[in-house]
Amino acid sequence: MKLTEIFKKNTYSLSFEVFPPKTDDVYDSVKTATEKIAKLSPAFMSVTYGAGGGTSRYTLDIARGVKEQFGVESLAHLTCVSSTRDTVKERIAAFKAAGIENVMALRGDIPKGMENADRSTWHYRHAVELVRELKESGDFCIGGACYPEVHPESGSQSEDIRYLWEKVEAGCDFLTTQMFFDNNLLYNYLYKIREAGIIVPVIAGIMPITNGKQVERAIKLSGSFMPQRFKMLVDKFGSDPEAMKQAGIAYATDQIIDLFANGVTNVHVYSMNKPDVAAAIQKNLSSIIGKNA
Ligand code: FAD
């Protein structure tokens, strides 16, 4: 099923993300985590794609398993920046052959050491090129990434939104946001993109921070602003794993309830292959999920 059909229902929904194993030896543990998360019956599950090779091999495998074995709709990620046109064409054909209907079209991060390279020779420079290719090559439901706190490479938010508009015009059916820890940043951003004429569904991406070490990495990757309330929580509980887990789940739950109360209907949880975290958040919202928005 295309995810747009799910978004049309206008009911409060939660979806979860898994990432494929980086090495073969942990494949089974990722499969087990995926199965446990699928058993929560989320609206859909996304499977990330490693930009520089690495975890990309298993994306299709896991996305297909989620759909066929566990009966949960899947969203397979695909990046393009370090790929050739032929490789991307092959991947798209493989997605199609496997019955994947939903693809998240991403540029991917620029590989280390290539930041200052001559980009004129690259086969792909921006996600919009992949969106066009997916649109031409099949009947996919296409997602794109968006950044309430501006993509780190953008000169300004208005420039970022202008390129986002182009990406949506090229064929994105929905957008998923980068993680954020202050909902007001999202509300502000939604107002601006709607005003710019971007009217596709926007899925809010929420990252539950459940251990102190994860904070630094998450902030480094996303450049997200940490509200004082969140900083206090990490300072206080960051060194106590069980306490931090409980506090992180509570913070994410609180964020999601506020989003639902303010007109956002679909939330994607960056569940990081942690079924217990996904289950705890879902349980906290059990009387809300599935209700009409
Ligand atoms: P783009 O849309 O190409 O944007 C990148 C930058 O280029 C922005 O600054 C934008 O404003 C600018 N830009 C866009 N179009 C143009 C243009 N035509 N001309 C000039 N500038 C332009 N990474 C992975 O490796 N694997 C994953 O599975 C993955 N999943 C993700 C899921 C979500 C929801 C998000 C938010 C990010 C994900 N990422 C993933 C990270 C993503 O690949 C990086 O953030 C990357 O740096 C940008 O990807 P993009 O698709 O947003 O790129």
# chains A, B, ... in the order shown; residues from 1 in each chain; ligands from 1
$ residues_around --residues "Cys172 in chain A" --least-positions-apart "3" --cutoff "12 Å" --atoms "only C-alpha atoms" --output "ChimeraX atom specification"
/A:3-4,102-106,127-135,140-146,164-169,175-176,198-202
$ write_last_selection --atoms "C-alpha atoms" --output "CSV table (one decimal), in the first residue's frame"
chain,number,residue,atom,x,y,z
A,3,LEU,CA,1.8,5.5,2.3
A,4,THR,CA,-0.3,8.4,1.0
A,102,ASN,CA,7.4,3.4,-1.0
A,103,VAL,CA,10.8,4.9,-1.4
A,104,MET,CA,12.5,7.7,0.5
A,105,ALA,CA,14.6,9.6,-2.0
A,106,LEU,CA,17.7,11.1,-0.4
A,127,ALA,CA,18.0,14.5,-4.0
A,128,VAL,CA,15.7,16.2,-6.6
A,129,GLU,CA,17.5,14.3,-9.4
A,130,LEU,CA,16.7,11.0,-7.7
A,131,VAL,CA,13.1,12.0,-7.2
A,132,ARG,CA,12.8,12.7,-10.9
A,133,GLU,CA,14.4,9.4,-11.8
A,134,LEU,CA,12.0,7.5,-9.4
A,135,LYS,CA,9.1,9.3,-10.8
A,140,PHE,CA,6.4,4.7,-6.5
A,141,CYS,CA,5.1,6.7,-3.6
A,142,ILE,CA,8.1,9.0,-3.0
A,143,GLY,CA,9.2,10.6,0.3
A,144,GLY,CA,11.8,13.4,0.7
A,145,ALA,CA,13.7,14.8,3.7
A,146,CYS,CA,13.1,18.2,5.2
A,164,LEU,CA,12.4,21.8,-1.0
A,165,TRP,CA,9.6,23.2,-3.1
A,166,GLU,CA,11.5,22.1,-6.3
A,167,LYS,CA,11.9,18.6,-4.8
A,168,VAL,CA,8.2,18.4,-4.1
A,169,GLU,CA,7.3,19.7,-7.5
A,175,LEU,CA,8.1,14.7,3.5
A,176,THR,CA,9.7,13.5,6.7
A,198,ILE,CA,4.3,23.0,-0.1
A,199,ILE,CA,1.1,21.2,0.7
A,200,VAL,CA,2.1,17.5,0.8
A,201,PRO,CA,1.8,15.6,4.1
A,202,VAL,CA,4.7,16.3,6.5
$ closest_atom_pairs --of "chain A" --to "ligand 1" --cutoff "6 Å" --atoms "only C-alpha atoms and all ligand atoms" --output "tab-separated table"
residue	atom	partner	partner_atom_place_in_ligand_line	distance
A:Thr48	CA	ligand 1	28 (O)	3.4
A:Tyr49	CA	ligand 1	28 (O)	3.9
A:Gly50	CA	ligand 1	25 (O)	4.7
A:Ala51	CA	ligand 1	25 (O)	3.9
A:His77	CA	ligand 1	28 (O)	5.0
A:Leu106	CA	ligand 1	51 (O)	3.3
A:Arg107	CA	ligand 1	51 (O)	3.9
A:Gly108	CA	ligand 1	43 (O)	2.9
A:Asp109	CA	ligand 1	47 (O)	4.0
A:His126	CA	ligand 1	3 (O)	3.4
A:Ala127	CA	ligand 1	3 (O)	3.9
A:Ala145	CA	ligand 1	36 (C)	4.3
A:Cys146	CA	ligand 1	36 (C)	5.5
A:His151	CA	ligand 1	9 (O)	4.7
A:Glu153	CA	ligand 1	9 (O)	4.4
A:Ser154	CA	ligand 1	9 (O)	3.9
A:Asp160	CA	ligand 1	11 (O)	3.8
A:Tyr163	CA	ligand 1	15 (N)	4.7
A:Thr176	CA	ligand 1	34 (C)	4.7
A:Thr177	CA	ligand 1	36 (C)	5.1
A:Gln178	CA	ligand 1	36 (C)	3.7
$ residues_around --residues "range 261-269 of chain A" --least-positions-apart "2" --cutoff "8 Å" --atoms "only C-alpha atoms" --output "MDAnalysis selection string"
chainID A and resid 7 10:17 176 202:208 256:259 271 278 293
$ write_last_selection --atoms "N, CA and C atoms" --output "JSON list (two decimals), in the first residue's frame"
[["chain", "number", "residue", "atom", "x", "y", "z"],
["A", 7, "PHE", "N", -1.84, 8.17, 5.04],
["A", 7, "PHE", "CA", -1.94, 9.56, 5.51],
["A", 7, "PHE", "C", -3.33, 10.14, 5.26],
["A", 10, "ASN", "N", -6.30, 10.24, 8.02],
["A", 10, "ASN", "CA", -6.42, 11.32, 9.00],
["A", 10, "ASN", "C", -6.65, 10.79, 10.43],
["A", 11, "THR", "N", -5.95, 9.72, 10.75],
["A", 11, "THR", "CA", -5.98, 9.23, 12.13],
["A", 11, "THR", "C", -4.56, 9.37, 12.70],
["A", 12, "TYR", "N", -4.44, 9.49, 14.01],
["A", 12, "TYR", "CA", -3.13, 9.63, 14.63],
["A", 12, "TYR", "C", -2.33, 8.35, 14.41],
["A", 13, "SER", "N", -1.14, 8.50, 13.85],
["A", 13, "SER", "CA", -0.36, 7.29, 13.58],
["A", 13, "SER", "C", 1.09, 7.42, 14.03],
["A", 14, "LEU", "N", 1.65, 6.27, 14.36],
["A", 14, "LEU", "CA", 3.08, 6.18, 14.70],
["A", 14, "LEU", "C", 3.72, 5.23, 13.71],
["A", 15, "SER", "N", 4.90, 5.57, 13.25],
["A", 15, "SER", "CA", 5.68, 4.64, 12.42],
["A", 15, "SER", "C", 7.08, 4.57, 13.04],
["A", 16, "PHE", "N", 7.82, 3.53, 12.68],
["A", 16, "PHE", "CA", 9.14, 3.33, 13.30],
["A", 16, "PHE", "C", 10.22, 3.11, 12.23],
["A", 17, "GLU", "N", 11.45, 3.39, 12.64],
["A", 17, "GLU", "CA", 12.58, 3.23, 11.71],
["A", 17, "GLU", "C", 13.54, 2.15, 12.19],
["A", 176, "THR", "N", 9.41, 13.83, 5.33],
["A", 176, "THR", "CA", 9.66, 13.47, 6.73],
["A", 176, "THR", "C", 10.71, 14.43, 7.26],
["A", 202, "VAL", "N", 3.38, 16.19, 5.89],
["A", 202, "VAL", "CA", 4.70, 16.27, 6.53],
["A", 202, "VAL", "C", 4.67, 15.37, 7.77],
["A", 203, "ILE", "N", 5.55, 14.40, 7.80],
["A", 203, "ILE", "CA", 5.63, 13.45, 8.91],
["A", 203, "ILE", "C", 6.70, 13.96, 9.88],
["A", 204, "ALA", "N", 6.32, 14.13, 11.13],
["A", 204, "ALA", "CA", 7.27, 14.67, 12.11],
["A", 204, "ALA", "C", 8.20, 13.56, 12.60],
["A", 205, "GLY", "N", 9.50, 13.77, 12.50],
["A", 205, "GLY", "CA", 10.49, 12.77, 12.93],
["A", 205, "GLY", "C", 10.93, 13.02, 14.37],
["A", 206, "ILE", "N", 10.70, 12.04, 15.23],
["A", 206, "ILE", "CA", 11.05, 12.20, 16.65],
["A", 206, "ILE", "C", 12.10, 11.17, 17.06],
["A", 207, "MET", "N", 13.17, 11.65, 17.64],
["A", 207, "MET", "CA", 14.23, 10.75, 18.10],
["A", 207, "MET", "C", 14.20, 10.65, 19.63],
["A", 208, "PRO", "N", 13.82, 9.48, 20.15],
["A", 208, "PRO", "CA", 13.89, 9.34, 21.62],
["A", 208, "PRO", "C", 15.35, 9.19, 22.04],
["A", 256, "ILE", "N", 5.35, 14.04, 21.31],
["A", 256, "ILE", "CA", 4.37, 13.49, 20.35],
["A", 256, "ILE", "C", 2.94, 13.91, 20.74],
["A", 257, "ILE", "N", 2.64, 13.88, 22.03],
["A", 257, "ILE", "CA", 1.29, 14.29, 22.46],
["A", 257, "ILE", "C", 1.05, 15.76, 22.08],
["A", 258, "ASP", "N", 2.06, 16.57, 22.29],
["A", 258, "ASP", "CA", 1.93, 17.99, 21.93],
["A", 258, "ASP", "C", 1.73, 18.15, 20.42],
["A", 259, "LEU", "N", 2.45, 17.33, 19.63],
["A", 259, "LEU", "CA", 2.31, 17.40, 18.16],
["A", 259, "LEU", "C", 0.88, 17.03, 17.76],
["A", 271, "SER", "N", 13.47, 4.88, 15.91],
["A", 271, "SER", "CA", 13.52, 3.91, 17.00],
["A", 271, "SER", "C", 14.84, 3.15, 17.09],
["A", 278, "ALA", "N", 10.46, 1.54, 21.26],
["A", 278, "ALA", "CA", 9.28, 1.71, 20.39],
["A", 278, "ALA", "C", 8.02, 1.26, 21.13],
["A", 293, "ALA", "N", -8.23, 12.17, 13.79],
["A", 293, "ALA", "CA", -7.52, 13.42, 14.15],
["A", 293, "ALA", "C", -8.48, 14.61, 14.10]]
$ residues_around --residues "Ser74 in chain A" --least-positions-apart "3" --cutoff "12 Å" --atoms "only C-alpha atoms" --output "PDB file with C-alpha atoms, in the first residue's frame"
ATOM      1  CA  MET A   1       0.000   0.000   0.000  1.00  0.00           C
ATOM      2  CA  LYS A   2       1.182   3.483  -0.757  1.00  0.00           C
ATOM      3  CA  LEU A   3       1.847   5.550   2.346  1.00  0.00           C
ATOM      4  CA  ILE A   6      -2.350   5.793   5.175  1.00  0.00           C
ATOM      5  CA  SER A  15       5.680   4.642  12.421  1.00  0.00           C
ATOM      6  CA  PHE A  16       9.143   3.330  13.295  1.00  0.00           C
ATOM      7  CA  GLU A  17      12.577   3.235  11.705  1.00  0.00           C
ATOM      8  CA  VAL A  18      15.149   0.468  11.583  1.00  0.00           C
ATOM      9  CA  THR A  34      12.777  -5.626  13.172  1.00  0.00           C
ATOM     10  CA  ALA A  38       6.781  -4.961  13.333  1.00  0.00           C
ATOM     11  CA  SER A  41       1.743  -2.974  14.074  1.00  0.00           C
ATOM     12  CA  PRO A  42       2.993   0.527  13.300  1.00  0.00           C
ATOM     13  CA  ALA A  43       1.497   2.488  10.404  1.00  0.00           C
ATOM     14  CA  PHE A  44       4.681   1.635   8.464  1.00  0.00           C
ATOM     15  CA  MET A  45       8.376   0.971   9.013  1.00  0.00           C
ATOM     16  CA  SER A  46      11.240   2.699   7.259  1.00  0.00           C
ATOM     17  CA  VAL A  47      14.573   1.050   6.524  1.00  0.00           C
ATOM     18  CA  THR A  48      17.566   3.346   6.137  1.00  0.00           C
ATOM     19  CA  THR A  59      17.926  -2.303   2.920  1.00  0.00           C
ATOM     20  CA  LEU A  60      15.909  -4.098   0.279  1.00  0.00           C
ATOM     21  CA  ASP A  61      16.066  -7.408   2.122  1.00  0.00           C
ATOM     22  CA  ILE A  62      14.720  -5.942   5.339  1.00  0.00           C
ATOM     23  CA  ALA A  63      12.135  -3.699   3.670  1.00  0.00           C
ATOM     24  CA  ARG A  64      10.779  -6.689   1.761  1.00  0.00           C
ATOM     25  CA  GLY A  65      10.717  -8.827   4.928  1.00  0.00           C
ATOM     26  CA  VAL A  66       8.798  -6.153   6.848  1.00  0.00           C
ATOM     27  CA  LYS A  67       6.122  -6.179   4.160  1.00  0.00           C
ATOM     28  CA  GLU A  68       5.950  -9.852   3.226  1.00  0.00           C
ATOM     29  CA  GLN A  69       6.775 -11.649   6.465  1.00  0.00           C
ATOM     30  CA  PHE A  70       5.359  -9.245   9.026  1.00  0.00           C
ATOM     31  CA  GLY A  71       2.542  -7.619   7.051  1.00  0.00           C
ATOM     32  CA  HIS A  77      15.398   4.560   1.786  1.00  0.00           C
ATOM     33  CA  PHE A  95      12.933  -2.302  -5.525  1.00  0.00           C
ATOM     34  CA  ALA A  98      10.572  -6.866  -4.902  1.00  0.00           C
ATOM     35  CA  GLY A  99       7.216  -5.084  -4.797  1.00  0.00           C
ATOM     36  CA  ILE A 100       8.483  -2.072  -2.823  1.00  0.00           C
ATOM     37  CA  GLU A 101       5.949   0.720  -3.289  1.00  0.00           C
ATOM     38  CA  ASN A 102       7.366   3.438  -1.035  1.00  0.00           C
ATOM     39  CA  VAL A 103      10.824   4.948  -1.437  1.00  0.00           C
ATOM     40  CA  MET A 104      12.487   7.724   0.550  1.00  0.00           C
ATOM     41  CA  CYS A 141       5.090   6.735  -3.580  1.00  0.00           C
TER      42      CYS A 141
END
$ select_by_dssp --residues "range 75-135 of chain A" --states "helix (DSSP H, G or I)" --output "PyMOL selection string"
chain A and resi 85-97+119-121+127-135
$ closest_residue --among "A:Met232, A:Ser82, A:Met244, A:Val150" --to "Arg119 in chain A" --atoms "only C-alpha atoms"
A:Ser82
$ select_by_dssp --residues "range 192-272 of chain A" --states "strand (DSSP E)" --output "NGL selection string"
:A and (202-206 or 266-269)
$ atom_distance --atom1 "CA of Lys22 in chain A" --atom2 "CA of Arg217 in chain A"
17.2 Å
$ atom_distance --atom1 "CA of His123 in chain A" --atom2 "CA of Arg85 in chain A"
6.1 Å
$ closest_residue --among "A:Arg91, A:Lys9, A:Lys36, A:Lys245" --to "Ser137 in chain A" --atoms "only C-alpha atoms"
A:Arg91
$ atom_distance --atom1 "CA of Pro275 in chain A" --atom2 "CA of Ile37 in chain A"
5.1 Å
$ closest_residue --among "A:Asp240, A:Tyr124, A:Gly155, A:Lys112" --to "Thr87 in chain A" --atoms "only C-alpha atoms"
A:Tyr124
$ residues_around --residues "Asp182 in chain A" --least-positions-apart "5" --cutoff "9 Å" --atoms "only C-alpha atoms" --output "NGL selection string"
:A and (224-227 or 230 or 255)
$ residues_around --residues "Lys231 in chain A" --least-positions-apart "6" --cutoff "12 Å" --atoms "only C-alpha atoms" --output "list in words"
Phe181, Asp182, Ile209, Gly212, Val215, Glu216, Ile219, Phe225, Phe237, Gly238, Met244, Ala247, Gly248 and Tyr251 of chain A
$ write_last_selection --atoms "N, CA and C atoms" --output "PDB file, in the first residue's frame"
ATOM      1  N   PHE A 181      13.884  18.799  18.859  1.00  0.00           N
ATOM      2  CA  PHE A 181      13.541  18.591  20.270  1.00  0.00           C
ATOM      3  C   PHE A 181      12.661  19.705  20.826  1.00  0.00           C
ATOM      4  N   ASP A 182      12.356  20.662  19.954  1.00  0.00           N
ATOM      5  CA  ASP A 182      11.506  21.782  20.367  1.00  0.00           C
ATOM      6  C   ASP A 182      10.383  21.901  19.327  1.00  0.00           C
ATOM      7  N   ILE A 209      15.820  10.089  22.864  1.00  0.00           N
ATOM      8  CA  ILE A 209      17.214   9.993  23.328  1.00  0.00           C
ATOM      9  C   ILE A 209      17.216   9.162  24.602  1.00  0.00           C
ATOM     10  N   GLY A 212      22.912   8.828  27.374  1.00  0.00           N
ATOM     11  CA  GLY A 212      23.667  10.085  27.379  1.00  0.00           C
ATOM     12  C   GLY A 212      24.579  10.239  26.169  1.00  0.00           C
ATOM     13  N   VAL A 215      23.258  11.582  22.753  1.00  0.00           N
ATOM     14  CA  VAL A 215      22.923  13.001  22.599  1.00  0.00           C
ATOM     15  C   VAL A 215      23.922  13.698  21.692  1.00  0.00           C
ATOM     16  N   GLU A 216      25.199  13.549  22.049  1.00  0.00           N
ATOM     17  CA  GLU A 216      26.236  14.250  21.317  1.00  0.00           C
ATOM     18  C   GLU A 216      26.209  13.895  19.830  1.00  0.00           C
ATOM     19  N   ILE A 219      23.075  15.297  18.036  1.00  0.00           N
ATOM     20  CA  ILE A 219      23.147  16.747  17.820  1.00  0.00           C
ATOM     21  C   ILE A 219      24.161  17.057  16.714  1.00  0.00           C
ATOM     22  N   PHE A 225      18.669  21.998  17.845  1.00  0.00           N
ATOM     23  CA  PHE A 225      18.687  22.841  19.034  1.00  0.00           C
ATOM     24  C   PHE A 225      18.194  22.021  20.226  1.00  0.00           C
ATOM     25  N   PHE A 237      20.262  12.899  34.222  1.00  0.00           N
ATOM     26  CA  PHE A 237      20.102  11.431  34.134  1.00  0.00           C
ATOM     27  C   PHE A 237      21.034  10.754  33.139  1.00  0.00           C
ATOM     28  N   GLY A 238      21.817  11.555  32.381  1.00  0.00           N
ATOM     29  CA  GLY A 238      22.647  11.018  31.294  1.00  0.00           C
ATOM     30  C   GLY A 238      23.586   9.903  31.715  1.00  0.00           C
ATOM     31  N   MET A 244      17.937   7.423  32.319  1.00  0.00           N
ATOM     32  CA  MET A 244      17.954   8.194  31.068  1.00  0.00           C
ATOM     33  C   MET A 244      16.967   7.610  30.061  1.00  0.00           C
ATOM     34  N   ALA A 247      13.521   8.651  31.137  1.00  0.00           N
ATOM     35  CA  ALA A 247      13.325  10.094  30.917  1.00  0.00           C
ATOM     36  C   ALA A 247      13.228  10.403  29.414  1.00  0.00           C
ATOM     37  N   GLY A 248      14.063   9.732  28.600  1.00  0.00           N
ATOM     38  CA  GLY A 248      14.055   9.970  27.147  1.00  0.00           C
ATOM     39  C   GLY A 248      12.744   9.534  26.514  1.00  0.00           C
ATOM     40  N   TYR A 251      10.154  12.108  27.480  1.00  0.00           N
ATOM     41  CA  TYR A 251      10.303  13.370  26.725  1.00  0.00           C
ATOM     42  C   TYR A 251       9.734  13.202  25.308  1.00  0.00           C
TER      43      TYR A 251
END
$ decode --residues "range 82-93 of chain A" --atoms "all heavy atoms" --output "compact mmCIF listing (two decimals), in the first residue's frame"
# COMPACT_ATOMS: atom_id res chain seq x y z
N SER A 82 26.78 9.12 -3.68
CA SER A 82 28.05 8.46 -4.02
C SER A 82 27.82 7.34 -5.04
O SER A 82 28.61 6.41 -5.14
CB SER A 82 28.71 7.94 -2.75
OG SER A 82 27.77 7.19 -2.00
N SER A 83 26.71 7.43 -5.78
CA SER A 83 26.39 6.36 -6.72
C SER A 83 26.46 6.82 -8.17
O SER A 83 26.35 8.01 -8.46
CB SER A 83 24.96 5.86 -6.47
OG SER A 83 24.81 5.46 -5.15
N THR A 84 26.57 5.83 -9.04
CA THR A 84 26.51 6.13 -10.47
C THR A 84 25.05 6.00 -10.91
O THR A 84 24.24 5.39 -10.22
CB THR A 84 27.35 5.13 -11.28
OG1 THR A 84 26.79 3.83 -11.07
CG2 THR A 84 28.81 5.15 -10.85
N ARG A 85 24.76 6.53 -12.09
CA ARG A 85 23.39 6.40 -12.65
C ARG A 85 23.02 4.92 -12.79
O ARG A 85 21.90 4.52 -12.50
CB ARG A 85 23.30 7.06 -14.03
CG ARG A 85 23.42 8.56 -13.99
CD ARG A 85 22.05 9.21 -13.89
NE ARG A 85 22.22 10.62 -13.56
CZ ARG A 85 21.24 11.43 -13.18
NH1 ARG A 85 20.02 10.96 -13.05
NH2 ARG A 85 21.47 12.69 -12.89
N ASP A 86 24.00 4.11 -13.22
CA ASP A 86 23.70 2.68 -13.43
C ASP A 86 23.35 1.98 -12.12
O ASP A 86 22.41 1.18 -12.07
CB ASP A 86 24.90 1.97 -14.08
CG ASP A 86 25.01 2.33 -15.55
OD1 ASP A 86 24.03 2.91 -16.08
OD2 ASP A 86 26.07 2.06 -16.15
N THR A 87 24.12 2.29 -11.07
CA THR A 87 23.83 1.64 -9.77
C THR A 87 22.44 2.01 -9.30
O THR A 87 21.68 1.16 -8.83
CB THR A 87 24.87 2.10 -8.71
OG1 THR A 87 26.15 2.01 -9.27
CG2 THR A 87 24.77 1.30 -7.44
N VAL A 88 22.09 3.29 -9.40
CA VAL A 88 20.78 3.73 -8.93
C VAL A 88 19.68 3.06 -9.76
O VAL A 88 18.68 2.58 -9.21
CB VAL A 88 20.67 5.28 -8.95
CG1 VAL A 88 19.24 5.74 -8.77
CG2 VAL A 88 21.56 5.87 -7.86
N LYS A 89 19.89 2.99 -11.06
CA LYS A 89 18.89 2.33 -11.93
C LYS A 89 18.69 0.88 -11.50
O LYS A 89 17.56 0.38 -11.43
CB LYS A 89 19.35 2.36 -13.39
CG LYS A 89 18.95 3.64 -14.09
CD LYS A 89 19.08 3.49 -15.61
CE LYS A 89 18.45 4.65 -16.34
NZ LYS A 89 19.03 5.93 -16.06
N GLU A 90 19.81 0.22 -11.21
CA GLU A 90 19.73 -1.19 -10.75
C GLU A 90 18.94 -1.31 -9.47
O GLU A 90 18.11 -2.19 -9.29
CB GLU A 90 21.14 -1.72 -10.46
CG GLU A 90 21.80 -2.42 -11.62
CD GLU A 90 23.27 -2.68 -11.31
OE1 GLU A 90 23.60 -3.00 -10.15
OE2 GLU A 90 24.08 -2.52 -12.24
N ARG A 91 19.22 -0.39 -8.52
CA ARG A 91 18.52 -0.42 -7.23
C ARG A 91 17.02 -0.21 -7.43
O ARG A 91 16.20 -0.88 -6.82
CB ARG A 91 19.02 0.69 -6.30
CG ARG A 91 20.43 0.54 -5.88
CD ARG A 91 20.55 -0.39 -4.69
NE ARG A 91 21.94 -0.75 -4.53
CZ ARG A 91 22.39 -1.69 -3.73
NH1 ARG A 91 21.55 -2.40 -3.03
NH2 ARG A 91 23.67 -1.94 -3.63
N ILE A 92 16.69 0.75 -8.27
CA ILE A 92 15.26 1.05 -8.49
C ILE A 92 14.58 -0.18 -9.10
O ILE A 92 13.48 -0.56 -8.70
CB ILE A 92 15.10 2.31 -9.39
CG1 ILE A 92 15.63 3.55 -8.66
CG2 ILE A 92 13.64 2.51 -9.78
CD1 ILE A 92 15.65 4.83 -9.48
N ALA A 93 15.26 -0.81 -10.05
CA ALA A 93 14.68 -2.01 -10.69
C ALA A 93 14.50 -3.12 -9.65
O ALA A 93 13.48 -3.82 -9.64
CB ALA A 93 15.59 -2.48 -11.83
